[in-house]
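Undergrad: Supplied structure: structure39.cif, mmCIF, N, CA and C atoms.
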```
data_start
loop_
_atom_site.label_atom_id
_atom_site.label_comp_id
_atom_site.auth_asym_id
_atom_site.auth_seq_id
_atom_site.Cartn_x
_atom_site.Cartn_y
_atom_site.Cartn_z
N MET A 1 0.83 -1.18 0.00
CA MET A 1 0.00 0.00 0.00
C MET A 1 0.88 1.25 0.00
N TYR A 2 0.44 2.23 -0.74
CA TYR A 2 1.23 3.45 -0.87
C TYR A 2 0.87 4.50 0.18
N ILE A 3 -0.28 4.32 0.81
CA ILE A 3 -0.69 5.23 1.87
C ILE A 3 -1.29 4.41 3.00
N SER A 4 -1.38 5.02 4.16
CA SER A 4 -1.95 4.37 5.33
C SER A 4 -3.18 5.15 5.79
N ARG A 5 -3.84 4.60 6.77
CA ARG A 5 -4.99 5.30 7.36
C ARG A 5 -4.56 6.68 7.88
N SER A 6 -3.42 6.72 8.55
CA SER A 6 -2.97 8.00 9.13
C SER A 6 -2.62 9.00 8.03
N ASP A 7 -2.10 8.53 6.90
CA ASP A 7 -1.83 9.44 5.77
C ASP A 7 -3.12 10.06 5.28
N LEU A 8 -4.15 9.23 5.18
CA LEU A 8 -5.44 9.73 4.70
C LEU A 8 -6.07 10.67 5.73
N GLU A 9 -5.87 10.36 7.00
CA GLU A 9 -6.38 11.23 8.07
C GLU A 9 -5.73 12.61 8.06
N LYS A 10 -4.49 12.66 7.61
CA LYS A 10 -3.80 13.96 7.52
C LYS A 10 -4.32 14.78 6.35
N ALA A 11 -4.83 14.10 5.33
CA ALA A 11 -5.33 14.79 4.13
C ALA A 11 -6.81 15.15 4.25
N ILE A 12 -7.54 14.41 5.07
CA ILE A 12 -8.98 14.60 5.23
C ILE A 12 -9.26 14.73 6.72
N SER A 13 -10.07 15.70 7.09
CA SER A 13 -10.39 15.86 8.50
C SER A 13 -11.15 14.63 9.01
N ARG A 14 -11.06 14.39 10.30
CA ARG A 14 -11.75 13.24 10.90
C ARG A 14 -13.26 13.37 10.69
N ALA A 15 -13.79 14.57 10.83
CA ALA A 15 -15.23 14.77 10.63
C ALA A 15 -15.65 14.39 9.21
N GLU A 16 -14.84 14.78 8.23
CA GLU A 16 -15.13 14.43 6.84
C GLU A 16 -15.03 12.93 6.63
N LEU A 17 -14.02 12.31 7.23
CA LEU A 17 -13.88 10.86 7.11
C LEU A 17 -15.09 10.14 7.70
N VAL A 18 -15.57 10.62 8.83
CA VAL A 18 -16.76 10.02 9.45
C VAL A 18 -17.96 10.16 8.52
N GLN A 19 -18.17 11.34 7.97
CA GLN A 19 -19.30 11.57 7.07
C GLN A 19 -19.22 10.72 5.81
N LEU A 20 -18.02 10.52 5.31
CA LEU A 20 -17.86 9.79 4.05
C LEU A 20 -17.87 8.27 4.22
N THR A 21 -17.67 7.79 5.46
CA THR A 21 -17.53 6.35 5.64
C THR A 21 -18.64 5.70 6.45
N GLN A 22 -19.29 6.43 7.32
CA GLN A 22 -20.33 5.82 8.17
C GLN A 22 -21.62 5.68 7.38
N ASP A 23 -22.01 4.44 7.12
CA ASP A 23 -23.21 4.15 6.33
C ASP A 23 -24.41 3.79 7.20
N ASP A 24 -24.17 3.44 8.43
CA ASP A 24 -25.26 3.02 9.32
C ASP A 24 -26.00 4.26 9.81
N ILE A 25 -27.26 4.39 9.45
CA ILE A 25 -28.02 5.59 9.83
C ILE A 25 -28.23 5.69 11.33
N HIS A 26 -28.04 4.60 12.06
CA HIS A 26 -28.19 4.62 13.52
C HIS A 26 -26.96 5.19 14.21
N HIS A 27 -25.91 5.42 13.45
CA HIS A 27 -24.68 5.99 14.00
C HIS A 27 -24.50 7.45 13.56
N TYR A 28 -25.59 8.20 13.57
CA TYR A 28 -25.51 9.60 13.14
C TYR A 28 -24.64 10.44 14.06
N ASP A 29 -24.41 9.95 15.25
CA ASP A 29 -23.55 10.68 16.18
C ASP A 29 -22.16 10.04 16.29
N ALA A 30 -21.79 9.27 15.29
CA ALA A 30 -20.50 8.57 15.29
C ALA A 30 -19.35 9.57 15.27
N THR A 31 -18.30 9.21 15.96
CA THR A 31 -17.11 10.05 15.98
C THR A 31 -15.91 9.34 15.35
N GLU A 32 -16.07 8.07 15.03
CA GLU A 32 -15.01 7.29 14.41
C GLU A 32 -15.39 6.93 12.97
N PRO A 33 -14.46 7.04 12.05
CA PRO A 33 -14.73 6.60 10.68
C PRO A 33 -14.93 5.07 10.66
N ASP A 34 -15.58 4.60 9.63
CA ASP A 34 -15.66 3.16 9.40
C ASP A 34 -14.34 2.79 8.72
N TRP A 35 -13.45 2.19 9.50
CA TRP A 35 -12.10 1.93 9.00
C TRP A 35 -12.08 0.91 7.87
N LEU A 36 -13.08 0.05 7.80
CA LEU A 36 -13.15 -0.90 6.68
C LEU A 36 -13.37 -0.16 5.36
N VAL A 37 -14.20 0.87 5.40
CA VAL A 37 -14.45 1.68 4.19
C VAL A 37 -13.19 2.48 3.84
N VAL A 38 -12.52 3.00 4.85
CA VAL A 38 -11.26 3.72 4.61
C VAL A 38 -10.25 2.77 3.96
N ASP A 39 -10.16 1.56 4.48
CA ASP A 39 -9.24 0.58 3.90
C ASP A 39 -9.61 0.25 2.45
N MET A 40 -10.91 0.19 2.15
CA MET A 40 -11.34 -0.05 0.77
C MET A 40 -10.89 1.09 -0.14
N ALA A 41 -11.03 2.32 0.34
CA ALA A 41 -10.61 3.48 -0.45
C ALA A 41 -9.10 3.43 -0.73
N ILE A 42 -8.34 3.07 0.29
CA ILE A 42 -6.89 2.97 0.13
C ILE A 42 -6.54 1.88 -0.88
N THR A 43 -7.20 0.74 -0.76
CA THR A 43 -6.94 -0.37 -1.68
C THR A 43 -7.30 0.01 -3.11
N GLU A 44 -8.46 0.63 -3.29
CA GLU A 44 -8.88 1.06 -4.63
C GLU A 44 -7.86 2.01 -5.25
N ALA A 45 -7.42 2.98 -4.46
CA ALA A 45 -6.46 3.98 -4.96
C ALA A 45 -5.13 3.32 -5.33
N CYS A 46 -4.63 2.46 -4.47
CA CYS A 46 -3.33 1.82 -4.71
C CYS A 46 -3.40 0.86 -5.90
N GLU A 47 -4.51 0.17 -6.05
CA GLU A 47 -4.66 -0.73 -7.20
C GLU A 47 -4.77 0.05 -8.50
N LEU A 48 -5.40 1.21 -8.46
CA LEU A 48 -5.48 2.04 -9.65
C LEU A 48 -4.08 2.53 -10.04
N VAL A 49 -3.30 2.96 -9.06
CA VAL A 49 -1.93 3.38 -9.33
C VAL A 49 -1.14 2.22 -9.95
N ASP A 50 -1.24 1.05 -9.35
CA ASP A 50 -0.53 -0.12 -9.88
C ASP A 50 -0.99 -0.45 -11.29
N GLY A 51 -2.28 -0.31 -11.55
CA GLY A 51 -2.81 -0.59 -12.88
C GLY A 51 -2.19 0.30 -13.95
N TYR A 52 -1.97 1.54 -13.62
CA TYR A 52 -1.34 2.45 -14.58
C TYR A 52 0.15 2.17 -14.74
N LEU A 53 0.81 1.77 -13.67
CA LEU A 53 2.28 1.71 -13.69
C LEU A 53 2.86 0.32 -13.90
N MET A 54 2.05 -0.73 -13.87
CA MET A 54 2.60 -2.08 -13.90
C MET A 54 3.29 -2.44 -15.21
N GLY A 55 2.99 -1.79 -16.29
CA GLY A 55 3.69 -2.09 -17.54
C GLY A 55 5.08 -1.47 -17.60
N ARG A 56 5.33 -0.47 -16.79
CA ARG A 56 6.61 0.23 -16.81
C ARG A 56 7.49 -0.12 -15.61
N TYR A 57 6.86 -0.35 -14.45
CA TYR A 57 7.59 -0.59 -13.21
C TYR A 57 7.15 -1.91 -12.58
N SER A 58 8.02 -2.44 -11.76
CA SER A 58 7.66 -3.60 -10.95
C SER A 58 6.86 -3.06 -9.77
N VAL A 59 5.61 -3.50 -9.67
CA VAL A 59 4.74 -3.01 -8.60
C VAL A 59 4.50 -4.11 -7.58
N PRO A 60 4.27 -3.77 -6.33
CA PRO A 60 4.19 -2.42 -5.79
C PRO A 60 5.57 -1.76 -5.72
N LEU A 61 5.56 -0.47 -5.87
CA LEU A 61 6.80 0.31 -5.85
C LEU A 61 7.38 0.29 -4.44
N GLU A 62 8.68 0.05 -4.37
CA GLU A 62 9.35 0.02 -3.07
C GLU A 62 10.74 0.59 -3.24
N PRO A 63 11.14 1.63 -2.58
CA PRO A 63 10.35 2.45 -1.67
C PRO A 63 9.33 3.29 -2.43
N VAL A 64 8.36 3.78 -1.70
CA VAL A 64 7.26 4.53 -2.31
C VAL A 64 7.69 5.97 -2.56
N PRO A 65 7.72 6.40 -3.82
CA PRO A 65 8.03 7.81 -4.10
C PRO A 65 6.93 8.70 -3.50
N SER A 66 7.33 9.85 -2.99
CA SER A 66 6.35 10.73 -2.33
C SER A 66 5.24 11.16 -3.29
N LEU A 67 5.56 11.31 -4.55
CA LEU A 67 4.56 11.69 -5.54
C LEU A 67 3.46 10.63 -5.64
N ILE A 68 3.83 9.36 -5.53
CA ILE A 68 2.85 8.28 -5.59
C ILE A 68 1.94 8.33 -4.36
N GLY A 69 2.49 8.67 -3.22
CA GLY A 69 1.66 8.84 -2.01
C GLY A 69 0.65 9.96 -2.18
N THR A 70 1.09 11.06 -2.75
CA THR A 70 0.18 12.19 -2.99
C THR A 70 -0.94 11.80 -3.95
N ILE A 71 -0.57 11.13 -5.03
CA ILE A 71 -1.57 10.69 -6.01
C ILE A 71 -2.55 9.72 -5.35
N SER A 72 -2.05 8.79 -4.56
CA SER A 72 -2.91 7.80 -3.91
C SER A 72 -3.89 8.45 -2.94
N ARG A 73 -3.45 9.45 -2.21
CA ARG A 73 -4.36 10.16 -1.29
C ARG A 73 -5.48 10.85 -2.08
N THR A 74 -5.12 11.47 -3.18
CA THR A 74 -6.12 12.15 -4.01
C THR A 74 -7.14 11.16 -4.56
N LEU A 75 -6.66 10.01 -5.03
CA LEU A 75 -7.56 8.99 -5.58
C LEU A 75 -8.46 8.40 -4.50
N ALA A 76 -7.90 8.16 -3.32
CA ALA A 76 -8.71 7.61 -2.22
C ALA A 76 -9.78 8.60 -1.78
N ARG A 77 -9.42 9.85 -1.69
CA ARG A 77 -10.40 10.87 -1.30
C ARG A 77 -11.52 10.96 -2.33
N HIS A 78 -11.17 10.92 -3.60
CA HIS A 78 -12.17 10.95 -4.66
C HIS A 78 -13.11 9.75 -4.55
N TRP A 79 -12.54 8.57 -4.30
CA TRP A 79 -13.34 7.36 -4.17
C TRP A 79 -14.32 7.48 -3.01
N LEU A 80 -13.85 8.01 -1.90
CA LEU A 80 -14.73 8.19 -0.74
C LEU A 80 -15.88 9.14 -1.06
N HIS A 81 -15.56 10.25 -1.71
CA HIS A 81 -16.61 11.21 -2.07
C HIS A 81 -17.57 10.63 -3.10
N SER A 82 -17.07 9.80 -3.99
CA SER A 82 -17.95 9.23 -5.02
C SER A 82 -19.01 8.30 -4.42
N ARG A 83 -18.80 7.86 -3.20
CA ARG A 83 -19.81 7.05 -2.51
C ARG A 83 -21.00 7.91 -2.07
N ARG A 84 -20.80 9.19 -1.96
CA ARG A 84 -21.83 10.08 -1.42
C ARG A 84 -22.40 11.07 -2.43
N ILE A 85 -21.57 11.50 -3.37
CA ILE A 85 -21.96 12.59 -4.25
C ILE A 85 -22.17 12.07 -5.67
N ASN A 86 -23.23 12.51 -6.29
CA ASN A 86 -23.44 12.22 -7.71
C ASN A 86 -22.29 12.88 -8.47
N THR A 87 -21.69 12.14 -9.38
CA THR A 87 -20.51 12.68 -10.07
C THR A 87 -20.80 13.96 -10.85
N ALA A 88 -22.05 14.18 -11.23
CA ALA A 88 -22.38 15.43 -11.91
C ALA A 88 -22.32 16.61 -10.95
N GLU A 89 -22.39 16.34 -9.65
CA GLU A 89 -22.39 17.40 -8.65
C GLU A 89 -21.08 17.47 -7.87
N PHE A 90 -20.05 16.81 -8.36
CA PHE A 90 -18.77 16.82 -7.67
C PHE A 90 -18.24 18.24 -7.55
N PRO A 91 -17.68 18.60 -6.40
CA PRO A 91 -17.03 19.91 -6.29
C PRO A 91 -15.89 20.00 -7.31
N LYS A 92 -15.80 21.13 -7.98
CA LYS A 92 -14.79 21.30 -9.03
C LYS A 92 -13.36 21.05 -8.54
N PRO A 93 -12.97 21.57 -7.37
CA PRO A 93 -11.58 21.32 -6.94
C PRO A 93 -11.30 19.82 -6.73
N LEU A 94 -12.25 19.10 -6.22
CA LEU A 94 -12.07 17.66 -6.00
C LEU A 94 -11.96 16.91 -7.32
N GLN A 95 -12.82 17.25 -8.27
CA GLN A 95 -12.77 16.60 -9.58
C GLN A 95 -11.50 16.98 -10.33
N GLN A 96 -11.10 18.24 -10.23
CA GLN A 96 -9.87 18.70 -10.89
C GLN A 96 -8.65 18.00 -10.32
N ALA A 97 -8.61 17.82 -9.00
CA ALA A 97 -7.49 17.11 -8.37
C ALA A 97 -7.43 15.67 -8.86
N TYR A 98 -8.58 15.02 -8.97
CA TYR A 98 -8.64 13.65 -9.47
C TYR A 98 -8.15 13.58 -10.93
N ASP A 99 -8.67 14.47 -11.77
CA ASP A 99 -8.27 14.49 -13.18
C ASP A 99 -6.77 14.71 -13.32
N ASN A 100 -6.22 15.61 -12.51
CA ASN A 100 -4.78 15.88 -12.54
C ASN A 100 -3.99 14.66 -12.09
N ALA A 101 -4.48 13.95 -11.10
CA ALA A 101 -3.80 12.74 -10.62
C ALA A 101 -3.76 11.68 -11.72
N ILE A 102 -4.87 11.51 -12.42
CA ILE A 102 -4.92 10.53 -13.52
C ILE A 102 -3.97 10.94 -14.64
N LYS A 103 -3.96 12.22 -14.99
CA LYS A 103 -3.03 12.69 -16.04
C LYS A 103 -1.59 12.46 -15.63
N LEU A 104 -1.30 12.71 -14.37
CA LEU A 104 0.06 12.51 -13.87
C LEU A 104 0.45 11.03 -13.93
N LEU A 105 -0.48 10.14 -13.58
CA LEU A 105 -0.21 8.70 -13.70
C LEU A 105 0.07 8.32 -15.15
N GLU A 106 -0.69 8.89 -16.07
CA GLU A 106 -0.47 8.62 -17.49
C GLU A 106 0.91 9.10 -17.93
N GLN A 107 1.32 10.27 -17.45
CA GLN A 107 2.63 10.80 -17.80
C GLN A 107 3.75 9.96 -17.20
N ILE A 108 3.55 9.46 -15.99
CA ILE A 108 4.54 8.58 -15.37
C ILE A 108 4.62 7.28 -16.16
N ARG A 109 3.45 6.72 -16.49
CA ARG A 109 3.39 5.48 -17.27
C ARG A 109 4.09 5.63 -18.62
N ASP A 110 3.91 6.79 -19.26
CA ASP A 110 4.48 7.03 -20.58
C ASP A 110 5.93 7.50 -20.54
N GLY A 111 6.51 7.62 -19.34
CA GLY A 111 7.90 8.01 -19.20
C GLY A 111 8.15 9.49 -19.33
N LYS A 112 7.11 10.31 -19.28
CA LYS A 112 7.28 11.77 -19.40
C LYS A 112 7.59 12.41 -18.05
N VAL A 113 7.20 11.75 -16.96
CA VAL A 113 7.52 12.20 -15.61
C VAL A 113 8.23 11.04 -14.93
N HIS A 114 9.38 11.33 -14.35
CA HIS A 114 10.18 10.29 -13.70
C HIS A 114 10.00 10.36 -12.19
N ILE A 115 9.89 9.19 -11.57
CA ILE A 115 9.63 9.13 -10.13
C ILE A 115 10.81 8.57 -9.35
N GLY A 116 11.94 8.38 -10.01
CA GLY A 116 13.13 7.90 -9.32
C GLY A 116 13.14 6.41 -9.09
N VAL A 117 12.35 5.68 -9.86
CA VAL A 117 12.31 4.22 -9.76
C VAL A 117 12.76 3.66 -11.10
N LYS A 118 13.55 2.61 -11.06
CA LYS A 118 14.05 2.01 -12.29
C LYS A 118 12.92 1.31 -13.04
N ALA A 119 12.79 1.63 -14.32
CA ALA A 119 11.77 1.00 -15.16
C ALA A 119 12.16 -0.43 -15.46
N LEU A 120 11.19 -1.24 -15.79
CA LEU A 120 11.44 -2.63 -16.16
C LEU A 120 12.28 -2.68 -17.42
N GLU A 121 13.25 -3.58 -17.47
CA GLU A 121 14.12 -3.72 -18.64
C GLU A 121 13.32 -4.14 -19.86
N ALA A 122 12.36 -5.04 -19.67
CA ALA A 122 11.54 -5.50 -20.79
C ALA A 122 10.77 -4.35 -21.40
N ASP A 123 10.33 -3.40 -20.55
CA ASP A 123 9.60 -2.24 -21.04
C ASP A 123 10.49 -1.37 -21.91
N LYS A 124 11.74 -1.20 -21.52
CA LYS A 124 12.66 -0.40 -22.32
C LYS A 124 12.90 -1.04 -23.68
N GLN A 125 13.10 -2.36 -23.68
CA GLN A 125 13.34 -3.06 -24.93
C GLN A 125 12.12 -3.01 -25.84
N ALA A 126 10.93 -3.17 -25.26
CA ALA A 126 9.69 -3.11 -26.06
C ALA A 126 9.52 -1.73 -26.66
N THR A 127 9.83 -0.70 -25.90
CA THR A 127 9.70 0.67 -26.40
C THR A 127 10.67 0.89 -27.57
N GLU A 128 11.90 0.40 -27.42
CA GLU A 128 12.87 0.56 -28.49
C GLU A 128 12.42 -0.18 -29.75
N ARG A 129 11.87 -1.39 -29.59
CA ARG A 129 11.39 -2.16 -30.73
C ARG A 129 10.24 -1.44 -31.43
N LEU A 130 9.31 -0.91 -30.65
CA LEU A 130 8.16 -0.22 -31.24
C LEU A 130 8.60 1.03 -31.99
N GLN A 131 9.59 1.72 -31.47
CA GLN A 131 10.05 2.93 -32.12
C GLN A 131 10.80 2.60 -33.41
N ALA A 132 11.43 1.42 -33.48
CA ALA A 132 12.18 1.04 -34.67
C ALA A 132 11.26 0.69 -35.84
N GLU A 133 10.07 0.21 -35.54
CA GLU A 133 9.14 -0.19 -36.60
C GLU A 133 8.24 0.99 -36.94
N ARG A 134 8.50 1.59 -38.08
CA ARG A 134 7.71 2.74 -38.50
C ARG A 134 6.87 2.38 -39.70
N GLY A 135 5.78 3.07 -39.87
CA GLY A 135 4.96 2.95 -41.06
C GLY A 135 4.12 1.68 -41.09
N ALA A 136 3.41 1.53 -42.17
CA ALA A 136 2.54 0.37 -42.36
C ALA A 136 3.16 -0.56 -43.39
N TYR A 137 2.76 -1.80 -43.33
CA TYR A 137 3.21 -2.78 -44.30
C TYR A 137 2.22 -2.82 -45.46
N HIS A 138 2.75 -2.84 -46.68
CA HIS A 138 1.91 -2.94 -47.87
C HIS A 138 2.29 -4.21 -48.60
N ILE A 139 1.29 -4.95 -49.03
CA ILE A 139 1.52 -6.21 -49.74
C ILE A 139 0.90 -6.09 -51.12
N ARG A 140 1.68 -6.52 -52.11
CA ARG A 140 1.18 -6.52 -53.48
C ARG A 140 1.01 -7.96 -53.94
N ALA A 141 -0.03 -8.17 -54.69
CA ALA A 141 -0.28 -9.51 -55.23
C ALA A 141 -0.54 -9.37 -56.72
N GLY A 142 -0.29 -10.45 -57.43
CA GLY A 142 -0.55 -10.45 -58.87
C GLY A 142 -2.04 -10.46 -59.14
N MET A 143 -2.36 -10.47 -60.43
CA MET A 143 -3.77 -10.48 -60.81
C MET A 143 -4.41 -11.79 -60.40
N LYS A 144 -5.68 -11.75 -60.14
CA LYS A 144 -6.42 -12.94 -59.77
C LYS A 144 -6.71 -13.76 -61.03
N HIS A 145 -6.45 -15.07 -60.97
CA HIS A 145 -6.66 -15.96 -62.11
C HIS A 145 -7.91 -16.80 -61.89
N ASP A 146 -8.58 -17.08 -62.99
CA ASP A 146 -9.77 -17.93 -62.94
C ASP A 146 -9.36 -19.33 -63.35
N TRP A 147 -9.27 -20.24 -62.40
CA TRP A 147 -8.86 -21.62 -62.65
C TRP A 147 -10.05 -22.57 -62.61
N SER A 148 -11.24 -22.08 -62.73
CA SER A 148 -12.44 -22.91 -62.61
C SER A 148 -12.58 -23.91 -63.73
N GLY A 149 -12.03 -23.70 -64.92
CA GLY A 149 -12.16 -24.60 -66.04
C GLY A 149 -11.22 -25.78 -66.00
N TYR A 150 -10.28 -25.82 -65.08
CA TYR A 150 -9.31 -26.91 -65.00
C TYR A 150 -9.77 -27.97 -64.00
N PRO A 151 -9.49 -29.26 -64.31
CA PRO A 151 -9.92 -30.33 -63.39
C PRO A 151 -9.15 -30.39 -62.11
#
```
Go ahead and render the structure in this file as structure tokens.
TA:
Amino acid sequence: MYISRSDLEKAISRAELVQLTQDDIHHYDATEPDWLVVDMAITEACELVDGYLMGRYSVPLEPVPSLIGTISRTLARHWLHSRRINTAEFPKPLQQAYDNAIKLLEQIRDGKVHIGVKALEADKQATERLQAERGAYHIRAGMKHDWSGYP
């Protein structure tokens, strides 16, 4: 995991965590987050990060670059809010942070942003091979013959 419960608690107030995670209507006066839901958010965020980066890096990343922790917190927070808010009504700063995190993951995956972790050797070789093959292949064939009259 790239983030912990305490990392998420530092990014989101406890009151917000309680509101976003407590699903039992009988616990309207709850003061503790539902830690199982928090753990689900963390897992979802970390798996999404791994999904973007597994073709370029050996995942899970160890040690965890700080940028990956920041991205994971943003993704987890978005996941928690998506449980409560219709995506059409998402607060713009929250949606913008999520969109930026996804773009950053794409840039890391594509090698445009470096995180200080060695890329997989197979990925480097595949990239070199793909870059060496340019253009499309064209095949020419002779005229079509009618051989229907022959036994």
Undergrad: At what distance in Å, to one decimal, does CA of Gln96 (chain A) lie from atom C of Leu61 (chain A)?
TA: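 Those two atoms sit 26.0 Å apart.
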Undergrad: Would you work out the distance separating CA of Lys112 (chain A) from atom C of Glu44 (chain A), expressed in Å to one decimal?
TA: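 Going from CA of Lys112 (chain A) over to atom C of Glu44 (chain A) covers 22.9 Å.
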Undergrad: Name the residues that the PyMOL selection byres (((chain A and resi 14 and name CA) around 12) and name CA) picks from the file above, as JSON, numbers by chain, using the file's chain letters and numbers.
TA: {"A": [5, 6, 7, 8, 9, 10, 11, 12, 13, 15, 16, 17, 18, 19, 20, 21, 22, 30, 31, 32, 33, 34, 35, 38]}
Undergrad: For CA of Gly111 (chain A) and atom C of His78 (chain A), determine how far apart the two atoms are, in Å to one decimal place.
TA: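 CA of Gly111 (chain A) sits 25.7 Å away from atom C of His78 (chain A).
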Undergrad: What's the 12 Å shell around Phe90 (chain A), counting only C-alpha atoms, without same-chain residues fewer than 5 positions away, as a short mmCIF file (atom, residue, chain, number, x, y, z; two decimals) with N, CA and C atoms, keeping the file's coordinate frame?
TA:
```cif
data_model
loop_
_atom_site.label_atom_id
_atom_site.label_comp_id
_atom_site.auth_asym_id
_atom_site.auth_seq_id
_atom_site.Cartn_x
_atom_site.Cartn_y
_atom_site.Cartn_z
N HIS A 78 -11.17 10.92 -3.60
CA HIS A 78 -12.17 10.95 -4.66
C HIS A 78 -13.11 9.75 -4.55
N TRP A 79 -12.54 8.57 -4.30
CA TRP A 79 -13.34 7.36 -4.17
C TRP A 79 -14.32 7.48 -3.01
N LEU A 80 -13.85 8.01 -1.90
CA LEU A 80 -14.73 8.19 -0.74
C LEU A 80 -15.88 9.14 -1.06
N HIS A 81 -15.56 10.25 -1.71
CA HIS A 81 -16.61 11.21 -2.07
C HIS A 81 -17.57 10.63 -3.10
N SER A 82 -17.07 9.80 -3.99
CA SER A 82 -17.95 9.23 -5.02
C SER A 82 -19.01 8.30 -4.42
N ARG A 83 -18.80 7.86 -3.20
CA ARG A 83 -19.81 7.05 -2.51
C ARG A 83 -21.00 7.91 -2.07
N ARG A 84 -20.80 9.19 -1.96
CA ARG A 84 -21.83 10.08 -1.42
C ARG A 84 -22.40 11.07 -2.43
N ILE A 85 -21.57 11.50 -3.37
CA ILE A 85 -21.96 12.59 -4.25
C ILE A 85 -22.17 12.07 -5.67
N GLN A 95 -12.82 17.25 -8.27
CA GLN A 95 -12.77 16.60 -9.58
C GLN A 95 -11.50 16.98 -10.33
N GLN A 96 -11.10 18.24 -10.23
CA GLN A 96 -9.87 18.70 -10.89
C GLN A 96 -8.65 18.00 -10.32
N ALA A 97 -8.61 17.82 -9.00
CA ALA A 97 -7.49 17.11 -8.37
C ALA A 97 -7.43 15.67 -8.86
N TYR A 98 -8.58 15.02 -8.97
CA TYR A 98 -8.64 13.65 -9.47
C TYR A 98 -8.15 13.58 -10.93
#
```
Undergrad: Would you pick out the contacts of Gly69 (chain A) at 6 Å or less, using only C-alpha atoms, so that residues sharing its chain but fewer than 2 positions from it are not included, and give the list as a PDB file with N, CA and C atoms, keeping the file's coordinate frame?
TA:
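Saved the output as around01.pdb:
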```pdb
ATOM      1  N   TYR A   2       0.440   2.230  -0.740  1.00  0.00           N
ATOM      2  CA  TYR A   2       1.230   3.450  -0.870  1.00  0.00           C
ATOM      3  C   TYR A   2       0.870   4.500   0.180  1.00  0.00           C
ATOM      4  N   ILE A   3      -0.280   4.320   0.810  1.00  0.00           N
ATOM      5  CA  ILE A   3      -0.690   5.230   1.870  1.00  0.00           C
ATOM      6  C   ILE A   3      -1.290   4.410   3.000  1.00  0.00           C
ATOM      7  N   SER A  66       7.330   9.850  -2.990  1.00  0.00           N
ATOM      8  CA  SER A  66       6.350  10.730  -2.330  1.00  0.00           C
ATOM      9  C   SER A  66       5.240  11.160  -3.290  1.00  0.00           C
ATOM     10  N   LEU A  67       5.560  11.310  -4.550  1.00  0.00           N
ATOM     11  CA  LEU A  67       4.560  11.690  -5.540  1.00  0.00           C
ATOM     12  C   LEU A  67       3.460  10.630  -5.640  1.00  0.00           C
ATOM     13  N   ILE A  71      -0.570  11.130  -5.030  1.00  0.00           N
ATOM     14  CA  ILE A  71      -1.570  10.690  -6.010  1.00  0.00           C
ATOM     15  C   ILE A  71      -2.550   9.720  -5.350  1.00  0.00           C
ATOM     16  N   SER A  72      -2.050   8.790  -4.560  1.00  0.00           N
ATOM     17  CA  SER A  72      -2.910   7.800  -3.910  1.00  0.00           C
ATOM     18  C   SER A  72      -3.890   8.450  -2.940  1.00  0.00           C
TER      19      SER A  72
END
```
Undergrad: Considering only helix (DSSP H, G or I) as DSSP defines it on the backbone, what residues of region 6-89 of chain A qualify? List them as number ranges by chain.
TA: A: 6-11, 14-21, 25-27, 35-53, 66-82, 87-89
Undergrad: Rank nothing, just name the residue among A:Ile115, A:Asp110, A:Glu47, A:Glu121 nearest to Glu62 (chain A), using only C-alpha atoms.
TA: A:Ile115
Undergrad: Can you report as JSON the centre and edge lengths in Å, to one decimal, of an axis-aligned box around the listed atoms of region 52-63 of chain A padded with 6 Å on each side?
TA:
```
{"center_x": 4.6, "center_y": -0.4, "center_z": -9.6, "size_x": 25.1, "size_y": 19.4, "size_z": 27.9}
```
Undergrad: Residues within 8 Å of Val117 (chain A), please, as a VMD selection string. Count only N, CA and C atoms; anything in the same chain fewer than 5 positions from it doesn't count.
TA: chain A and resid 56 to 58 61 to 63 65
Undergrad: On this structure, the PyMOL selection byres (((chain A and resi 46 and name CA) around 12) and name CA) would catch which residues? List them as a VMD selection string, sorted by chain and number.
TA: chain A and resid 1 to 4 39 to 45 47 to 54 59 to 61 64 68 to 77 79 105
